[in-house]
Every structure is written in structure tokens, then in C-alpha cells.
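Okay, structure first, notes after.
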Amino acid sequence: MAIKDLLFHLEPEGPEFPGSEFALSLAQAHGAHLTVASLVIQYPPQLATPASFAGGLEFGDVESVVKFAEEYRKIAREAFAQLSKSLPAGVSAEHRMIESFPQTIGEDCGRLARGFDLSIIPQPSPLGPDYAQDIVTGALFGSARPVIVLPRGFLGPAKLTKAMVCWDGGAPATKALAESLPLLERAEKVEVVCVQDDGQSPGDPNGAEILRHLERHGVAAVLCEIPSAKDEAIALLDRAAESRADFLVMGAYGHWRLRELIFGGTTQRMLAESKLPIFMAH
């Protein structure tokens, strides 16, 4: 798969726009078109404020909600206009508004992401609104497309010369590996990291097989096996720091249940703790 159609979720947080330089440089490196998306929350009257659960909204409150949404559209348009001034040579970009209700953000973001090769999403602040995380989870679990999740406040271009692939032989890891090949083929160093598991059956895929597979794609990778740990996420992040990786590749484990995403423990911890971009697929 070539990366020719990128989606970037822009949060207009100050003049620096976290993740924007990463998205622009990745689009330039791959000759890709960049669509910049801004999320606009459409609060229905019964969800506009916590107080509304007790007794509904007066007309003036509804008017305020509409005014707030329009004001955010204006901020988003201005942010894109500012971002457009930094477009590298040869990169084309367009702006897209995602008009969504709080309870449907995941579905709406997942539906949008289906039309792109890859989504780039800055990890939201834990102090931000509850729905901010739904952008990540919706794109990951609702699109069948890969996602690059950037650490909170990430600034700088896409430096992707040293890759660390987290390999456990599972279906999500397999999809992440396959989808990340356009990046791995350009990397100068690729390390496949396996967490040793005494209970692994002989028929399970192993690291050596994946090295042969990557070699057939022109990727000269090396294998690193690390001991099993109580906290697998921390063990993987420690290894990434030791190897000075620029980005991680891993499968996303979890499932939807009653519109709520249930993350696997390792996936959730990696997203929360990683200081590196993570290429993920499910």
C-alpha cells in the first residue's frame, strides 16, 4: 500500500498546532494529499450542559450552544488558513469539518477515516473533554484503516528512520505490520521486538519468520526478544528508549461494546505513556 491520502485531526491549541509539522512533512515525503479535519460538536439541547439533565434548556441556552459551535467553526477555519501558509512544496491540502454529537464522535470519525490511507491523531490531554479520546478510538476501531497516534503536545517533523515493531503473532499486530510497510521500507533501522512467552504454542508465528517476510519486502530487520514482564507496555517502552526508536508499530487490542471502547491493557498503557508516535492498526 502506498501512502497517498492522509487525514490529520487538527486541534487549534495555540499557534503551534501540535502534530501539524509531522503531518505536513509525512505528506511531503510520500507525495500525499493532506485532508485536515476539525471536530465541531453539535450539542443537542438535552446534552448541552450538565444542568440540562435536570430540567432541559431554555431557548437562550440553545442559542448559546449554536453560537459556540459557529465560533469554533471560525477558529477552525482560521487555524487551517494559518496552517496552509506552511504547506511544503508539492503538498496539496483541504479542510474538512466533522459535525458530530458527543455520543456519535467515534462512529463519525471512524466513518471519515475509511476514506484515507492513514489518519494522524494527536493524543488528547487527559484534562480535556471526555469525548476527545473518541477520535482516536473511533478511527482505530471503526475504520479498518491504520492510525498514527502522536504523543500529547508533539512538535516537529516526521522522523521515522528507526522503527520498533511490537510483534506477538496476533491478528492486530499482523495488520499493523502489513499496513506499516511503506514506512518500514524507508526506515534505516527496523527492530522486531517479541516478549518471550513460555506458553506460546509451536505453531504460532515467531520473530524469525517475520524477519524473513520483511526481508522479502527489502526490509533488513533485526530481532530482539525481551523477557516476559508483569507490565508489558512498560517493558516495550523501555526497549524503545534503549534502541532510540523514532516510532513504534503495534496492533491495537480492544473491542466495541454498547458504543464504548474497551481497550486491552497494553494498548491503553502504550497510548497513555508513549513519548513516541505509534503506528497502530486493528
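Each chain in the C-alpha cells gets a letter, A, B and so on, in the order shown; residues start at 1 in every chain, and ligands are counted from 1 in the order they appear.
If you count only C-alpha atoms and ignore residues fewer than 5 places along the chain from Val219 (chain A), what sits within 8 Å of it is Leu184, Glu185, Val190 and Leu214 of chain A.
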Taking the backbone alone, and naming residues the way the document does, which bits of region 4-168 of chain A are alpha helix (DSSP H) by DSSP, as an MDAnalysis selection string?
-> chainID A and resid 20:30 52:55 59:84 105:113 132:141
Mind running region 95-180 of chain A against region 60-84 of chain A at 12 Å and telling me each contacting residue's nearest atom pair with the distance in Å (one decimal), counting only C-alpha atoms, chain and number ascending, as a tab-separated table?
```
residue	atom	partner	partner_atom	distance
A:His95	CA	A:Phe80	CA	6.8
A:Arg96	CA	A:Arg77	CA	9.4
A:Met97	CA	A:Arg73	CA	7.9
A:Ile98	CA	A:Arg73	CA	10.0
A:Glu99	CA	A:Ala69	CA	9.4
A:Ser100	CA	A:Ala69	CA	10.7
A:Phe101	CA	A:Ala69	CA	11.3
```
Between A:Thr161, A:Gln103, A:Thr137, A:Thr174, which has the minimum distance to His213 (chain A) (counting only C-alpha atoms)?
-> A:Thr174
Out of region 157-272 of chain A, which residues get strand (DSSP E) from DSSP, as an MDAnalysis selection string?
-> chainID A and resid 162:166 189:195 221:226 247:251 254:257 260:263
Would you list the contacts of Asp134 (chain A) as a PyMOL selection string, taking every protein, DNA or RNA residue within 10 Å and counting only C-alpha atoms, but skipping same-chain residues closer than 3 positions in sequence?
-> chain A and resi 102-110+124+130-131+137-140+260-261
Dump N, CA and C atoms for the selected residues as a tab-separated table (two decimals), in the first residue's frame?
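Ended up saving to part-v9.tsv:
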```tsv
chain	number	residue	atom	x	y	z
A	102	PRO	N	-21.86	14.50	20.77
A	102	PRO	CA	-20.91	13.85	21.67
A	102	PRO	C	-20.98	12.32	21.65
A	103	GLN	N	-22.20	11.78	21.55
A	103	GLN	CA	-22.34	10.32	21.63
A	103	GLN	C	-22.05	9.61	20.32
A	104	THR	N	-21.80	10.35	19.23
A	104	THR	CA	-21.53	9.69	17.94
A	104	THR	C	-20.17	10.05	17.36
A	105	ILE	N	-19.30	10.67	18.17
A	105	ILE	CA	-17.99	11.09	17.66
A	105	ILE	C	-17.19	9.90	17.14
A	106	GLY	N	-17.16	8.81	17.91
A	106	GLY	CA	-16.40	7.63	17.49
A	106	GLY	C	-16.85	7.11	16.14
A	107	GLU	N	-18.17	6.96	15.97
A	107	GLU	CA	-18.69	6.46	14.70
A	107	GLU	C	-18.40	7.42	13.56
A	108	ASP	N	-18.56	8.72	13.80
A	108	ASP	CA	-18.34	9.71	12.74
A	108	ASP	C	-16.87	9.77	12.33
A	109	CYS	N	-15.96	9.74	13.31
A	109	CYS	CA	-14.53	9.78	12.99
A	109	CYS	C	-14.08	8.50	12.30
A	110	GLY	N	-14.63	7.37	12.73
A	110	GLY	CA	-14.31	6.10	12.08
A	110	GLY	C	-14.79	6.06	10.64
A	124	PRO	N	-5.13	13.20	22.86
A	124	PRO	CA	-5.73	14.30	23.62
A	124	PRO	C	-5.24	14.34	25.06
A	130	ASP	N	-14.29	14.58	27.75
A	130	ASP	CA	-14.36	13.12	27.70
A	130	ASP	C	-14.39	12.58	26.28
A	131	TYR	N	-15.01	13.34	25.37
A	131	TYR	CA	-15.18	12.84	24.01
A	131	TYR	C	-13.91	12.90	23.18
A	137	THR	N	-10.15	6.38	19.31
A	137	THR	CA	-10.75	5.04	19.33
A	137	THR	C	-11.65	4.80	18.13
A	138	GLY	N	-12.36	5.83	17.70
A	138	GLY	CA	-13.23	5.67	16.54
A	138	GLY	C	-12.43	5.40	15.28
A	139	ALA	N	-11.34	6.16	15.07
A	139	ALA	CA	-10.51	5.94	13.89
A	139	ALA	C	-9.83	4.58	13.92
A	140	LEU	N	-9.43	4.14	15.10
A	140	LEU	CA	-8.75	2.85	15.22
A	140	LEU	C	-9.68	1.67	15.01
A	260	GLU	N	-19.11	1.89	23.61
A	260	GLU	CA	-17.97	2.21	24.46
A	260	GLU	C	-16.81	1.33	24.04
A	261	LEU	N	-15.65	1.91	23.94
A	261	LEU	CA	-14.49	1.14	23.55
A	261	LEU	C	-13.81	0.56	24.78
```
Please identify every residue of region 4-123 of chain A that has at least one atom no farther than 10 Å from an atom of region 269-279 of chain A, counting only C-alpha atoms, and for each give the shortest atom pair and the distance in Å to one decimal, arranged by chain then increasing number, as a tab-separated table.
```
residue	atom	partner	partner_atom	distance
A:Gly19	CA	A:Pro277	CA	10.0
A:Phe22	CA	A:Pro277	CA	9.8
A:Leu118	CA	A:Phe279	CA	9.4
A:Ser119	CA	A:Phe279	CA	9.6
A:Ile120	CA	A:Phe279	CA	9.1
A:Ile121	CA	A:Pro277	CA	9.7
A:Pro122	CA	A:Pro277	CA	9.1
A:Gln123	CA	A:Leu271	CA	7.7
```
Please produce an output containing N, CA, C and O atoms for each residue in the selection, written as an mmCIF file, in the first residue's frame.
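So again_30.cif came out as:
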```cif
data_model
loop_
_atom_site.group_PDB
_atom_site.id
_atom_site.type_symbol
_atom_site.label_atom_id
_atom_site.label_comp_id
_atom_site.auth_asym_id
_atom_site.auth_seq_id
_atom_site.Cartn_x
_atom_site.Cartn_y
_atom_site.Cartn_z
ATOM 1 N N GLY A 19 1.380 18.387 16.179
ATOM 2 C CA GLY A 19 1.224 17.347 15.163
ATOM 3 C C GLY A 19 1.190 17.854 13.739
ATOM 4 O O GLY A 19 1.333 17.068 12.797
ATOM 5 N N PHE A 22 4.430 17.327 11.741
ATOM 6 C CA PHE A 22 4.554 15.892 11.460
ATOM 7 C C PHE A 22 3.716 15.528 10.237
ATOM 8 O O PHE A 22 4.195 14.875 9.303
ATOM 9 N N LEU A 118 -4.327 6.627 5.843
ATOM 10 C CA LEU A 118 -3.762 6.719 7.187
ATOM 11 C C LEU A 118 -4.288 7.972 7.873
ATOM 12 O O LEU A 118 -4.389 9.025 7.249
ATOM 13 N N SER A 119 -4.623 7.845 9.160
ATOM 14 C CA SER A 119 -5.022 9.003 9.962
ATOM 15 C C SER A 119 -3.903 9.355 10.942
ATOM 16 O O SER A 119 -3.267 8.462 11.507
ATOM 17 N N ILE A 120 -3.694 10.642 11.151
ATOM 18 C CA ILE A 120 -2.721 11.137 12.120
ATOM 19 C C ILE A 120 -3.494 11.889 13.193
ATOM 20 O O ILE A 120 -4.187 12.871 12.891
ATOM 21 N N ILE A 121 -3.383 11.428 14.441
ATOM 22 C CA ILE A 121 -4.209 11.981 15.504
ATOM 23 C C ILE A 121 -3.344 12.289 16.724
ATOM 24 O O ILE A 121 -2.740 11.382 17.305
ATOM 25 N N PRO A 122 -3.262 13.550 17.133
ATOM 26 C CA PRO A 122 -2.564 13.867 18.387
ATOM 27 C C PRO A 122 -3.337 13.297 19.573
ATOM 28 O O PRO A 122 -4.570 13.393 19.624
ATOM 29 N N GLN A 123 -2.622 12.692 20.499
ATOM 30 C CA GLN A 123 -3.260 12.128 21.688
ATOM 31 C C GLN A 123 -3.837 13.261 22.532
ATOM 32 O O GLN A 123 -3.139 14.216 22.864
#
```
Residue among A:Cys166, A:Arg114, A:Ser143, A:Gly207 lying closest to Glu232 (chain A), counting only C-alpha atoms | A:Cys166
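Taking CA of Arg244 (chain A) and CA of Leu223 (chain A) as endpoints, the distance between them is 15.1 Å.
Near Val193 (chain A), within 6 Å and counting only C-alpha atoms, sit Val165, Cys166, Trp167, Cys224 and Glu225 of chain A; same-chain residues fewer than 6 positions away were not included.
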Suppose we keep N, CA and C atoms; can you now write the selection as a short mmCIF file (atom, residue, chain, number, x, y, z; two decimals), in the first residue's frame?
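The resulting file, out14.cif, is shown below:
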```
data_model
loop_
_atom_site.label_atom_id
_atom_site.label_comp_id
_atom_site.auth_asym_id
_atom_site.auth_seq_id
_atom_site.Cartn_x
_atom_site.Cartn_y
_atom_site.Cartn_z
N VAL A 165 9.03 -2.60 15.88
CA VAL A 165 7.80 -3.34 15.65
C VAL A 165 7.53 -4.24 16.84
N CYS A 166 6.39 -4.05 17.48
CA CYS A 166 5.98 -4.90 18.61
C CYS A 166 5.23 -6.10 18.05
N TRP A 167 5.85 -7.27 18.13
CA TRP A 167 5.30 -8.44 17.43
C TRP A 167 4.91 -9.53 18.43
N CYS A 224 14.76 -8.78 18.45
CA CYS A 224 15.10 -8.60 19.86
C CYS A 224 14.02 -9.26 20.70
N GLU A 225 14.41 -10.23 21.51
CA GLU A 225 13.48 -10.90 22.41
C GLU A 225 13.72 -10.40 23.82
#
```
